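Text of entry_10.cif, listed as mmCIF, C-alpha atoms:
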data_structure
#
loop_
_atom_site.label_atom_id
_atom_site.label_comp_id
_atom_site.auth_asym_id
_atom_site.auth_seq_id
_atom_site.Cartn_x
_atom_site.Cartn_y
_atom_site.Cartn_z
CA GLN D 72 33.99 130.69 49.91
CA LYS D 73 37.42 131.78 51.04
CA GLU D 74 37.88 135.45 51.86
CA VAL D 75 41.00 135.74 49.69
CA GLU D 76 42.02 133.24 47.04
CA GLN D 77 45.29 132.84 45.24
CA ASN D 78 44.86 129.70 43.20
CA SER D 79 47.89 129.57 40.96
CA GLY D 80 50.60 127.07 41.73
CA PRO D 81 54.30 127.94 41.72
CA LEU D 82 55.15 130.33 38.89
CA SER D 83 58.46 129.96 37.06
CA VAL D 84 59.51 132.88 34.90
CA PRO D 85 62.76 133.52 33.01
CA GLU D 86 64.84 136.45 34.12
CA GLY D 87 63.66 139.64 32.41
CA ALA D 88 60.13 138.39 31.80
CA ILE D 89 56.87 139.58 33.37
CA ALA D 90 55.43 137.66 36.32
CA SER D 91 51.67 137.97 36.73
CA LEU D 92 49.92 137.09 39.99
CA ASN D 93 46.17 137.08 40.59
CA CYS D 94 43.97 137.30 43.64
CA THR D 95 40.20 137.27 44.15
CA TYR D 96 38.28 138.25 47.26
CA SER D 97 34.78 137.64 48.52
CA ASP D 98 33.89 140.75 50.57
CA ARG D 99 32.35 143.34 48.24
CA GLY D 100 32.84 145.99 50.88
CA SER D 101 36.63 145.68 50.91
CA GLN D 102 38.34 148.97 50.15
CA SER D 103 42.05 148.35 50.54
CA PHE D 104 44.33 145.75 49.04
CA PHE D 105 47.94 144.87 49.70
CA TRP D 106 50.69 142.76 48.23
CA TYR D 107 53.38 141.37 50.49
CA ARG D 108 56.56 139.57 49.51
CA GLN D 109 57.89 136.86 51.79
CA TYR D 110 61.28 135.29 51.32
CA SER D 111 61.75 131.80 52.68
CA GLY D 112 62.26 131.91 56.43
CA LYS D 113 61.53 135.63 56.61
CA SER D 114 58.50 137.76 57.50
CA PRO D 115 56.15 139.39 54.97
CA GLU D 116 57.29 142.71 53.53
CA LEU D 117 54.77 145.21 52.14
CA ILE D 118 55.56 146.01 48.52
CA MET D 119 52.35 147.52 47.12
CA PHE D 120 48.97 148.78 48.25
CA ILE D 121 46.05 149.96 46.15
CA TYR D 122 42.77 151.55 47.15
CA SER D 123 41.23 152.70 43.86
CA ASN D 124 40.15 150.89 40.73
CA GLY D 125 42.75 150.83 38.01
CA ASP D 126 46.51 150.49 37.96
CA LYS D 127 49.16 151.66 40.38
CA GLU D 128 52.81 151.50 39.41
CA ASP D 129 55.84 151.52 41.69
CA GLY D 130 59.12 150.76 40.00
CA ARG D 131 58.94 147.33 38.42
CA PHE D 132 55.69 146.50 40.23
CA THR D 133 52.17 147.26 39.03
CA ALA D 134 49.06 146.51 41.06
CA GLN D 135 45.73 146.32 39.26
CA LEU D 136 42.36 146.50 40.99
CA ASN D 137 38.91 145.73 39.63
CA LYS D 138 36.34 146.03 42.41
CA ALA D 139 33.43 145.06 40.18
CA SER D 140 35.09 141.72 39.48
CA GLN D 141 36.56 141.50 43.01
CA TYR D 142 39.96 140.95 41.51
CA VAL D 143 43.41 142.32 42.24
CA SER D 144 46.63 141.45 40.48
CA LEU D 145 50.35 142.13 40.68
CA LEU D 146 52.68 142.40 37.72
CA ILE D 147 56.43 142.20 38.16
CA ARG D 148 58.26 143.55 35.12
CA ASP D 149 61.84 142.67 34.21
CA SER D 150 61.84 139.86 36.78
CA GLN D 151 65.09 139.36 38.66
CA PRO D 152 66.35 136.34 40.62
CA SER D 153 65.93 138.47 43.76
CA ASP D 154 62.16 138.51 43.06
CA SER D 155 62.03 134.77 43.82
CA ALA D 156 59.73 134.63 46.84
CA THR D 157 56.16 133.96 47.91
CA TYR D 158 53.73 136.79 47.21
CA LEU D 159 50.80 137.23 49.57
CA CYS D 160 47.63 139.06 48.66
CA ALA D 161 45.90 140.77 51.61
CA VAL D 162 42.50 142.37 51.71
CA ASN D 163 40.99 144.55 54.40
CA VAL D 164 37.69 142.95 55.42
CA TYR D 165 35.03 144.49 57.60
CA ALA D 166 33.04 142.37 59.99
CA TYR D 167 31.28 142.93 63.32
CA GLY D 168 32.29 146.57 63.38
CA ASN D 169 35.98 145.95 62.88
CA ASN D 170 38.50 145.81 60.10
CA ARG D 171 41.20 143.19 59.76
CA LEU D 172 43.51 141.91 57.07
CA ALA D 173 42.67 138.59 55.44
CA PHE D 174 45.47 136.87 53.53
CA GLY D 175 45.58 134.48 50.64
CA LYS D 176 47.80 131.39 50.88
CA GLY D 177 50.36 133.01 48.61
CA ASN D 178 51.94 132.34 45.22
CA GLN D 179 55.52 131.18 44.94
CA VAL D 180 57.51 132.86 42.18
CA VAL D 181 60.78 131.41 40.91
CA VAL D 182 62.83 133.56 38.55
CA ILE D 183 65.16 131.45 36.44
CA PRO D 184 68.45 133.14 35.46
CA LYS P 265 63.29 154.68 61.88
CA ALA P 266 63.31 151.33 63.63
CA GLY P 267 60.98 148.65 62.37
CA VAL P 268 58.75 146.28 64.28
CA THR P 269 60.71 144.29 66.83
CA GLN P 270 59.63 140.88 68.04
CA THR P 271 61.28 138.90 70.80
CA PRO P 272 62.36 136.22 71.16
CA ARG P 273 63.10 135.09 67.60
CA TYR P 274 63.00 131.40 68.43
CA LEU P 275 61.40 129.38 71.20
CA ILE P 276 61.17 125.70 72.01
CA LYS P 277 58.55 124.73 74.57
CA THR P 278 57.03 121.53 75.88
CA ARG P 279 53.36 120.62 75.60
CA GLY P 280 51.36 122.04 78.48
CA GLN P 281 53.69 124.96 79.10
CA GLN P 282 52.81 128.55 78.44
CA VAL P 283 54.68 131.17 76.44
CA THR P 284 54.74 134.94 76.16
CA LEU P 285 55.82 136.72 72.99
CA SER P 286 56.62 140.41 72.74
CA CYS P 287 56.14 142.98 69.98
CA SER P 288 57.37 146.58 69.87
CA PRO P 289 55.69 148.49 67.04
CA ILE P 290 57.18 151.19 64.85
CA SER P 291 57.48 154.42 66.80
CA GLY P 292 54.21 156.34 66.55
CA HIS P 293 52.17 153.32 65.53
CA ARG P 294 49.27 152.61 67.83
CA SER P 295 47.73 149.45 66.37
CA VAL P 296 49.28 146.02 66.81
CA SER P 297 47.86 142.89 65.22
CA TRP P 298 49.01 139.32 65.74
CA TYR P 299 49.00 136.52 63.19
CA GLN P 300 49.84 132.84 63.19
CA GLN P 301 51.50 131.45 60.08
CA THR P 302 51.66 127.73 59.33
CA PRO P 303 52.40 125.96 56.03
CA GLY P 304 48.91 124.47 55.91
CA GLN P 305 46.76 127.40 56.99
CA GLY P 306 48.79 130.37 55.86
CA LEU P 307 48.46 133.63 57.79
CA GLN P 308 45.62 133.54 60.30
CA PHE P 309 44.49 136.62 62.24
CA LEU P 310 44.68 136.26 66.01
CA PHE P 311 43.74 139.68 67.42
CA GLU P 312 44.27 143.41 67.20
CA TYR P 313 45.08 145.88 69.94
CA PHE P 314 44.67 149.62 69.81
CA SER P 315 44.98 152.06 72.71
CA GLU P 316 45.51 149.18 75.14
CA THR P 317 42.20 147.55 74.17
CA GLN P 318 41.53 144.44 72.15
CA ARG P 319 39.49 145.66 69.18
CA ASN P 320 39.18 142.54 67.09
CA LYS P 321 39.65 138.82 67.58
CA GLY P 322 40.05 135.91 65.23
CA ASN P 323 38.82 132.34 65.59
CA PHE P 324 41.34 131.01 68.05
CA PRO P 325 40.68 129.34 71.41
CA GLY P 326 40.84 131.24 74.65
CA ARG P 327 44.32 129.84 75.31
CA PHE P 328 45.52 132.63 73.06
CA SER P 329 45.43 136.02 74.72
CA GLY P 330 47.21 139.31 74.54
CA ARG P 331 47.54 142.78 75.87
CA GLN P 332 48.89 146.15 74.93
CA PHE P 333 50.72 148.63 77.11
CA SER P 334 50.52 152.41 77.17
CA ASN P 335 53.64 152.66 74.98
CA SER P 336 51.86 150.50 72.35
CA ARG P 337 54.10 147.51 72.97
CA SER P 338 52.11 144.30 72.91
CA GLU P 339 52.46 140.82 74.32
CA MET P 340 50.80 137.62 73.26
CA ASN P 341 50.38 134.68 75.59
CA VAL P 342 49.58 131.08 74.77
CA SER P 343 48.74 128.81 77.67
CA THR P 344 48.64 125.01 77.80
CA LEU P 345 50.65 124.66 74.63
CA GLU P 346 49.70 122.00 72.10
CA LEU P 347 51.81 120.50 69.34
CA GLY P 348 49.60 122.26 66.79
CA ASP P 349 50.62 125.64 68.18
CA SER P 350 54.00 125.26 66.52
CA ALA P 351 54.09 128.12 64.04
CA LEU P 352 55.61 131.44 63.10
CA TYR P 353 53.92 134.17 65.12
CA LEU P 354 53.97 137.56 63.49
CA CYS P 355 52.95 140.93 64.73
CA ALA P 356 52.13 143.85 62.47
CA SER P 357 51.97 147.50 63.41
CA SER P 358 49.92 150.28 61.85
CA TRP P 359 49.82 153.96 62.68
CA ASN P 360 46.05 153.83 63.07
CA ARG P 361 43.02 151.62 62.59
CA GLY P 362 40.76 151.72 59.58
CA MET P 363 40.74 150.40 56.08
CA ASN P 364 43.36 152.42 54.24
CA THR P 365 46.15 151.75 56.69
CA GLU P 366 49.28 149.85 55.82
CA ALA P 367 50.56 147.18 58.18
CA PHE P 368 54.24 146.35 58.66
CA PHE P 369 55.42 143.05 60.02
CA GLY P 370 58.11 142.18 62.50
CA GLN P 371 60.58 139.34 61.94
CA GLY P 372 58.38 136.93 63.82
CA THR P 373 58.84 134.43 66.62
CA ARG P 374 59.30 130.82 65.56
CA LEU P 375 57.62 128.67 68.23
CA THR P 376 58.24 124.95 68.32
CA VAL P 377 56.20 122.84 70.74
CA VAL P 378 57.63 119.41 71.48
#
Show how you would write the structure in this file as structure tokens.
Amino acid sequence: QKEVEQNSGPLSVPEGAIASLNCTYSDRGSQSFFWYRQYSGKSPELIMFIYSNGDKEDGRFTAQLNKASQYVSLLIRDSQPSDSATYLCAVNVYAYGNNRLAFGKGNQVVVIP
Amino acid sequence: KAGVTQTPRYLIKTRGQQVTLSCSPISGHRSVSWYQQTPGQGLQFLFEYFSETQRNKGNFPGRFSGRQFSNSRSEMNVSTLELGDSALYLCASSWNRGMNTEAFFGQGTRLTVV
């Protein structure tokens, strides 16, 4: 079982719509969860982090966490062409006395004007 | 506040050579982690340094090594380069270790092995 899974293929959304991205993780002990945005040819940029169950909103972005279901999601409201990028889910995993970030493979989002 | 700085941005090396990459973290950040990113494998954790000590290591061969200096700057070294080492190498800095700590990435070093 992969540590972090992002299974959806490329997501195309019309401008102004809501983009919804999902991520599941395998380590029940994980406590912190991050969403990074990566434009083509660029490095990942941290856009959201969430540590508690429930929703966290920051501008047009909302992260949702459900630890019981080992599920974290990202909603992008009023999608803009500038939101076209790959979104990486990262989970802090604990093993052998140390923490590290484990990443999903990412979801590509294309916002169509 | 300056971000994470990685040098060089691009490198072309020949199989069998070695390479050293550099990472300067955000001022005040003490933890530096290194990742390899390839289209097939995504972001893979290499190792983490904190207070000049390697604290954590991923599943990479011993050809991959690193170190951290007293000013928190870190270097990563890859010896006996293989074609499969071609990748984007990213470093991320955090102010501390522990779970609830955000990590910020540098621009990366694009390594091509020919």
> Hey, what comes out of the PyMOL selection byres ((chain D) within 9 of (chain P)) on this file? Could you write it as a list in words?
Replying inline: Ser101, Gln102, Ser103, Phe104, Phe105, Lys113, Ser114, Pro115, Glu116, Leu117, Phe120, Ile121, Tyr122, Asn163, Val164, Tyr165, Tyr167, Gly168, Asn169, Asn170, Arg171, Leu172, Ala173, Phe174, Gly175, Lys176 and Gly177 of chain D
> What is the distance, in Å and to one decimal place, between CA of Val268 in chain P and CA of Ile290 in chain P?
Replying inline: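 So the two atoms, CA of Val268 in chain P and CA of Ile290 in chain P, lie 5.2 Å apart.
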> What lies within 6 Å of Tyr158 in chain D using only C-alpha atoms, ignoring chain neighbours under 6 positions off, as a ChimeraX atom specification?
Replying inline: /D:107-108,177-178
>> Every residue with an atom at most 8 Å from (50.9, 129.4, 43.4) (file coordinates; all atoms listed in the file) is what I'm after, so could you write them as a ChimeraX atom specification?
In response: /D:77-82,177-180
>> Under the PyMOL selection byres ((chain P and resi 326) around 12), which residues of this model are included? Write them out as a PyMOL selection string.
In response: chain P and resi 310-311+321-325+327-330+340-345
>> So the first atom is CA of Ala161 in chain D and the second is CA of Gly87 in chain D; what is the distance between them in Å, to one decimal place?
In response: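 A separation of 26.2 Å between them.
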> For the file shown, what are the residues hit by the PyMOL selection byres ((chain D and resi 143-156) around 6), laid out as a list in words?
Replying inline: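 Listing what the PyMOL selection byres ((chain D and resi 143-156) around 6) selects in the shown file: Glu86, Gly87, Ala88, Ile89, Ala90, Ser91, Leu92, Asn93, Cys94, Gln109, Tyr110, Arg131, Phe132, Thr133, Ala134, Gln135, Leu136, Tyr142, Thr157, Gln179, Val180, Val181 and Val182 of chain D.
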> What is the CA of Glu339 in chain P-CA of Thr278 in chain P distance in Å, reported with one decimal?
Replying inline: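 Result for CA of Glu339 in chain P versus CA of Thr278 in chain P: 19.9 Å, one decimal.
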> Pick from D:Leu159, D:Ser83, D:Ala166, D:Pro184: nearest to Asp98 in chain D, with only C-alpha atoms counted?
Replying inline: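 Ranked by minimum distance to Asp98 in chain D, first place goes to D:Ala166.
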> Which polymer residues have any atom within 10 Å of an atom of Ser338 in chain P, counting all atoms listed in the file, with same-chain residues fewer than 2 positions away left out, as a list in words?
Replying inline: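 Listed by chain and then number, they are Gln270, Leu285, Ser286, Cys287, Ser288, Pro289, Ser295, Val296, Ser297, Trp298, Glu312, Tyr313, Phe314, Glu316, Gly330, Arg331, Gln332, Phe333, Ser334, Asn335, Ser336, Met340 and Cys355 of chain P.
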